[in-house]
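Quick look at entry_31.txt (compact mmCIF, C-alpha atoms):
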```txt
# COMPACT_ATOMS: atom_id res chain seq x y z
CA MET M 1031 25.12 15.73 -69.76
CA LYS M 1032 25.97 12.22 -68.59
CA LYS M 1033 28.97 13.58 -66.61
CA LYS M 1034 26.79 16.14 -64.85
CA LEU M 1035 24.22 13.49 -64.02
CA HIS M 1036 26.95 11.19 -62.74
CA ARG M 1037 28.39 13.94 -60.51
CA HIS M 1038 24.89 14.75 -59.24
CA THR M 1039 24.26 11.10 -58.36
CA ILE M 1040 27.58 10.84 -56.52
CA ALA M 1041 26.80 13.99 -54.54
CA ILE M 1042 23.40 12.62 -53.47
CA TRP M 1043 24.86 9.28 -52.36
CA SER M 1044 27.67 11.04 -50.49
CA PHE M 1045 25.14 13.18 -48.64
CA LEU M 1046 23.01 10.15 -47.71
CA PHE M 1047 26.10 8.24 -46.57
CA PHE M 1048 27.19 11.16 -44.36
CA LEU M 1049 23.66 11.59 -42.93
CA THR M 1050 23.38 7.88 -42.10
CA PHE M 1051 26.64 7.74 -40.18
CA SER M 1052 25.94 11.04 -38.43
CA CYS M 1053 22.60 9.75 -37.13
CA GLY M 1054 24.11 6.40 -36.22
CA GLY M 1055 26.85 8.07 -34.22
CA GLU M 1056 24.35 10.22 -32.36
CA GLY M 1057 22.22 7.16 -31.61
CA GLU M 1058 25.20 5.31 -30.20
CA LYS M 1059 26.09 8.32 -28.09
CA ASN M 1060 22.58 8.53 -26.68
CA GLU M 1061 22.51 4.80 -26.02
CA HIS M 1062 25.79 4.90 -24.10
CA SER M 1063 24.64 7.95 -22.19
CA HIS M 1064 21.49 6.11 -21.20
CA LEU M 1065 23.46 3.11 -19.95
CA GLU M 1066 25.83 5.13 -17.77
CA PRO M 1067 24.74 4.72 -14.12
CA ALA M 1068 23.92 7.81 -12.12
CA ILE M 1069 26.47 8.36 -9.37
CA SER M 1070 24.98 9.08 -5.97
CA ASN M 1071 27.00 11.13 -3.53
CA PRO M 1072 25.36 11.14 -0.09
CA GLN M 1073 26.58 13.92 2.15
CA LYS M 1074 27.58 13.77 5.79
CA ALA M 1075 24.83 14.96 8.14
CA SER M 1076 24.87 16.04 11.77
CA LYS M 1077 22.14 13.51 12.59
CA VAL M 1078 20.72 10.40 10.93
CA SER M 1079 17.07 9.32 11.10
CA ILE M 1080 16.84 5.51 11.29
CA HIS M 1081 13.53 3.75 10.71
CA ILE M 1082 13.14 0.11 11.85
CA GLN M 1083 10.53 -1.83 9.87
CA TRP M 1084 9.14 -5.35 10.25
CA GLU M 1085 7.45 -7.74 7.87
CA THR M 1086 6.00 -11.01 9.16
CA THR M 1087 5.51 -14.36 7.46
CA MET M 1088 3.33 -16.97 9.23
CA LEU M 1089 3.86 -15.09 12.49
CA PRO M 1090 0.77 -13.99 14.48
CA LEU M 1091 2.65 -11.61 16.79
CA GLN M 1092 4.05 -8.12 16.25
CA MET M 1093 7.50 -6.77 17.08
CA GLU M 1094 8.00 -3.48 18.95
CA ILE M 1095 11.11 -1.50 19.80
CA ARG M 1096 11.38 0.06 23.25
CA GLU M 1097 13.75 2.13 25.30
CA PRO M 1098 15.80 0.43 28.04
CA SER M 1099 14.37 0.58 31.53
CA GLY M 1100 16.00 3.05 33.88
CA ALA M 1101 15.68 0.53 36.71
CA GLN M 1102 18.37 -1.85 35.44
CA THR M 1103 21.12 -2.10 32.84
CA LEU M 1104 21.14 -5.07 30.49
CA ALA M 1105 24.11 -6.20 28.42
CA LEU M 1106 23.99 -6.38 24.63
CA TRP M 1107 22.39 -9.63 23.35
CA THR M 1108 20.51 -10.22 26.64
CA THR M 1109 17.43 -12.24 25.69
CA GLY M 1110 14.66 -13.20 28.07
CA SER M 1111 10.97 -13.32 28.86
CA VAL M 1112 8.76 -11.73 31.48
CA LYS M 1113 5.39 -13.02 32.68
CA GLU M 1114 2.22 -10.94 32.69
CA GLY M 1115 2.00 -8.72 35.76
CA LYS M 1116 5.76 -8.73 36.40
CA GLN M 1117 8.00 -5.67 36.12
CA PRO M 1118 9.43 -5.62 32.57
CA PRO M 1119 13.11 -4.78 31.93
CA PHE M 1120 12.21 -2.31 29.20
CA GLY M 1121 10.71 1.15 29.07
CA ASP M 1122 8.64 3.31 26.74
CA LEU M 1123 7.67 2.43 23.20
CA ILE M 1124 9.87 4.23 20.65
CA PRO M 1125 7.42 6.31 18.55
CA GLU M 1126 7.04 5.18 14.93
CA SER M 1127 10.05 2.86 15.45
CA LYS M 1128 12.37 5.73 14.56
CA LEU M 1129 15.75 6.55 16.10
CA VAL M 1130 17.99 9.58 15.60
CA LEU M 1131 21.75 9.09 15.91
CA LYS M 1132 24.84 11.18 15.27
CA PRO M 1133 27.65 9.75 13.12
CA GLY M 1134 30.14 7.99 15.40
CA SER M 1135 27.51 7.16 18.04
CA LYS M 1136 25.61 4.04 19.06
CA LYS M 1137 22.20 3.29 20.52
CA GLN M 1138 21.00 0.31 22.54
CA PHE M 1139 17.30 -0.53 22.70
CA LEU M 1140 15.08 -3.58 23.11
CA LEU M 1141 13.10 -5.67 20.68
CA VAL M 1142 9.86 -6.70 22.39
CA MET M 1143 7.19 -9.22 21.37
CA LYS M 1144 4.12 -10.02 23.48
CA ASN M 1145 2.36 -13.37 23.26
CA PRO M 1146 -1.18 -13.15 24.68
CA THR M 1147 -2.09 -16.65 23.44
CA ASP M 1148 -1.99 -19.98 25.24
CA THR M 1149 0.58 -21.54 22.91
CA PRO M 1150 4.29 -20.80 22.37
CA VAL M 1151 5.38 -19.06 19.18
CA TYR M 1152 8.67 -19.80 17.39
CA PHE M 1153 10.34 -17.55 14.84
CA PHE M 1154 13.59 -16.47 13.24
CA ALA M 1155 14.69 -13.32 11.42
CA ALA M 1156 15.91 -13.12 7.84
CA PRO M 1157 18.96 -10.85 7.27
CA HIS M 1158 17.96 -7.20 7.31
CA SER M 1159 18.00 -4.95 4.27
CA ALA M 1160 19.06 -1.29 4.26
CA LEU M 1161 17.61 1.51 2.13
CA PRO M 1162 18.64 3.67 0.42
CA ALA M 1163 21.51 1.37 -0.54
CA GLU M 1164 23.96 4.25 -0.93
CA HIS M 1165 23.46 5.09 2.78
CA SER M 1166 24.15 1.52 3.95
CA PHE M 1167 27.95 1.89 4.14
CA GLY M 1168 29.24 2.54 7.65
CA PHE M 1169 26.62 1.15 10.02
CA LYS M 1170 26.23 -2.03 12.07
CA PHE M 1171 22.99 -3.40 13.46
CA LYS M 1172 23.56 -6.05 16.15
CA CYS M 1173 20.09 -7.52 16.02
CA LEU M 1174 18.37 -10.86 15.34
CA CYS M 1175 20.21 -12.11 12.26
CA VAL M 1176 22.41 -14.64 14.04
CA ASN M 1177 21.14 -17.96 12.61
CA HIS M 1178 19.09 -18.56 15.73
CA ALA M 1179 15.43 -19.34 16.37
CA PHE M 1180 13.56 -17.64 19.20
CA THR M 1181 10.66 -18.71 21.42
CA VAL M 1182 7.90 -16.46 22.77
CA LEU M 1183 6.25 -18.30 25.65
CA PRO M 1184 2.47 -18.13 26.18
CA LYS M 1185 1.19 -15.24 28.31
CA GLU M 1186 4.70 -13.76 28.38
CA THR M 1187 6.60 -10.94 26.71
CA TRP M 1188 9.86 -11.79 24.98
CA PHE M 1189 12.69 -9.22 24.74
CA ARG M 1190 16.20 -8.88 23.35
CA VAL M 1191 18.80 -6.12 23.78
CA VAL M 1192 20.18 -4.92 20.44
CA GLU M 1193 22.35 -2.07 19.20
CA ILE M 1194 22.91 0.17 16.20
CA ARG M 1195 26.30 1.77 15.55
CA LEU M 1196 27.21 4.47 13.04
CA ALA M 1197 30.76 5.03 11.83
CA PRO M 1198 32.20 8.53 12.39
CA ASP M 1199 32.36 9.05 8.60
CA PHE M 1200 28.82 7.74 7.91
CA LEU M 1201 27.27 9.55 4.93
CA GLY M 1202 23.56 10.24 4.57
CA ASP M 1203 20.78 11.64 6.74
CA GLN M 1204 18.35 8.71 6.76
CA LEU M 1205 18.34 4.93 6.76
CA THR M 1206 15.55 2.33 6.74
CA LEU M 1207 16.33 -1.11 8.15
CA LYS M 1208 13.84 -3.85 7.36
CA HIS M 1209 13.57 -7.37 8.77
CA ASN M 1210 11.32 -10.23 7.80
CA LEU M 1211 10.25 -12.33 10.79
CA ILE M 1212 9.27 -15.88 9.89
CA GLY M 1213 7.16 -18.10 12.12
CA ILE M 1214 8.23 -21.76 12.30
CA SER M 1215 7.17 -24.96 14.04
CA ARG M 1216 8.79 -26.27 17.20
CA GLU M 1217 10.10 -29.26 15.25
CA ARG M 1218 11.86 -27.08 12.72
CA MET M 1219 13.32 -24.90 15.46
CA LEU M 1220 14.79 -27.91 17.29
CA GLN M 1221 16.15 -29.40 14.10
CA PHE M 1222 17.78 -26.14 13.08
CA GLU M 1223 19.28 -25.48 16.51
CA LYS M 1224 20.80 -28.96 16.51
CA SER M 1225 22.40 -28.67 13.06
CA ALA M 1226 23.39 -24.99 13.32
CA GLY M 1227 25.27 -25.61 16.56
CA ARG M 1228 27.60 -27.97 14.73
CA SER M 1229 28.05 -26.16 11.43
CA LEU M 1230 27.61 -22.38 11.92
CA PRO M 1231 29.85 -20.12 14.02
CA SER M 1232 28.35 -17.60 16.39
CA GLU M 1233 27.92 -14.04 15.05
CA MET M 1234 27.27 -12.51 18.46
CA ASP M 1235 30.47 -10.49 18.69
```
Kindly present the structure from the file in structure tokens form.
Amino acid sequence: MKKKLHRHTIAIWSFLFFLTFSCGGEGEKNEHSHLEPAISNPQKASKVSIHIQWETTMLPLQMEIREPSGAQTLALWTTGSVKEGKQPPFGDLIPESKLVLKPGSKKQFLLVMKNPTDTPVYFFAAPHSALPAEHSFGFKFKCLCVNHAFTVLPKETWFRVVEIRLAPDFLGDQLTLKHNLIGISRERMLQFEKSAGRSLPSEMD
């Protein structure tokens, strides 16, 4: 009787031991499966929709993007200002700040900021971000992120010629590029321009 009871006890403990390790193994499997990152595989598209977005910090003005003027051709990086009533070197507003490019192509356009006030406005741009991140490989935006502060004179419209390039093997059909524009004082602008000229190389290549 004692032998039968002993065998029965051993069988129960063996079953519990097996059940415990089986559940533990499954739990570990599920945990590892949960930690494995999903792999995104963007596909090549015949055209890419690019949305330019702006956020402002302590800046009372708004940025627009416009087509080049057909009247004259401006080189990349050209930056200037035009007074009210004068013929501007830029054309129509780009609807919804959206561009459509083919892989392997490039597009020049103008950043435009109007200052209707009686005082100058100073600002700089933080480095842009690109979303979705998996679509950010294979493009170049020659824009404002050049460690430089800009001035928008009173009663004038500031402009800058910029460019977006897509590599021939760019993958994805959409891309959102976001900048944060930060307003600064004249004193900070002058101080930065003085120190940056000595310590930071130009990125306007």
Any idea what the distance is between atom CA of Lys1170 of chain M and atom CA of Glu1193 of chain M? 8.1 Å
I need the residue nearest Ala1075 of chain M from this list: M:Leu1211, M:Ile1095, M:Ala1163, M:Leu1196. Use only C-alpha atoms for the distance.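 Of all the options, M:Leu1196 lies closest to Ala1075 of chain M.
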Work out how far atom CA of Lys1137 of chain M is from atom CA of Tyr1152 of chain M, in Å to one decimal.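 Distance between the two atoms: 26.9 Å.
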Within-10 Å shell of (16.0, 8.7, 10.8) in input frame, only C-alpha atoms, as a ChimeraX atom specification: /M:1077-1082,1127-1131,1202-1206
Given the point (9.3, -8.6, 26.9) in the file's coordinates, find the residues that have an atom at most 12 Å from it, counting all atoms listed in the file, and give them as a PyMOL selection string. chain M and resi 1092-1099+1108-1123+1140-1146+1181-1191
d(atom CA of Ala1197 of chain M, atom CA of Cys1175 of chain M) in Å: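 Taking atom CA of Ala1197 of chain M and atom CA of Cys1175 of chain M, their separation equals 20.1 Å.
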Between M:Lys1224, M:His1165, M:His1158, M:Arg1195, which one has atoms that come closest to Phe1139 of chain M, using all atoms listed in the file? M:Arg1195
Around segment 1135-1150 of chain M, fit a box with edges along x, y and z, padding it by 8 Å on each side, then list its centre and edge lengths in Å to one decimal as AutoDock Vina command-line options.
```
--center_x 12.7 --center_y -7.2 --center_z 21.6 --size_x 45.6 --size_y 44.7 --size_z 23.2
```
Pick out the closest residue to Leu1174 of chain M from this set: M:Trp1084, M:Ser1135, M:Ser1225, M:Pro1198. Count only C-alpha atoms. M:Trp1084
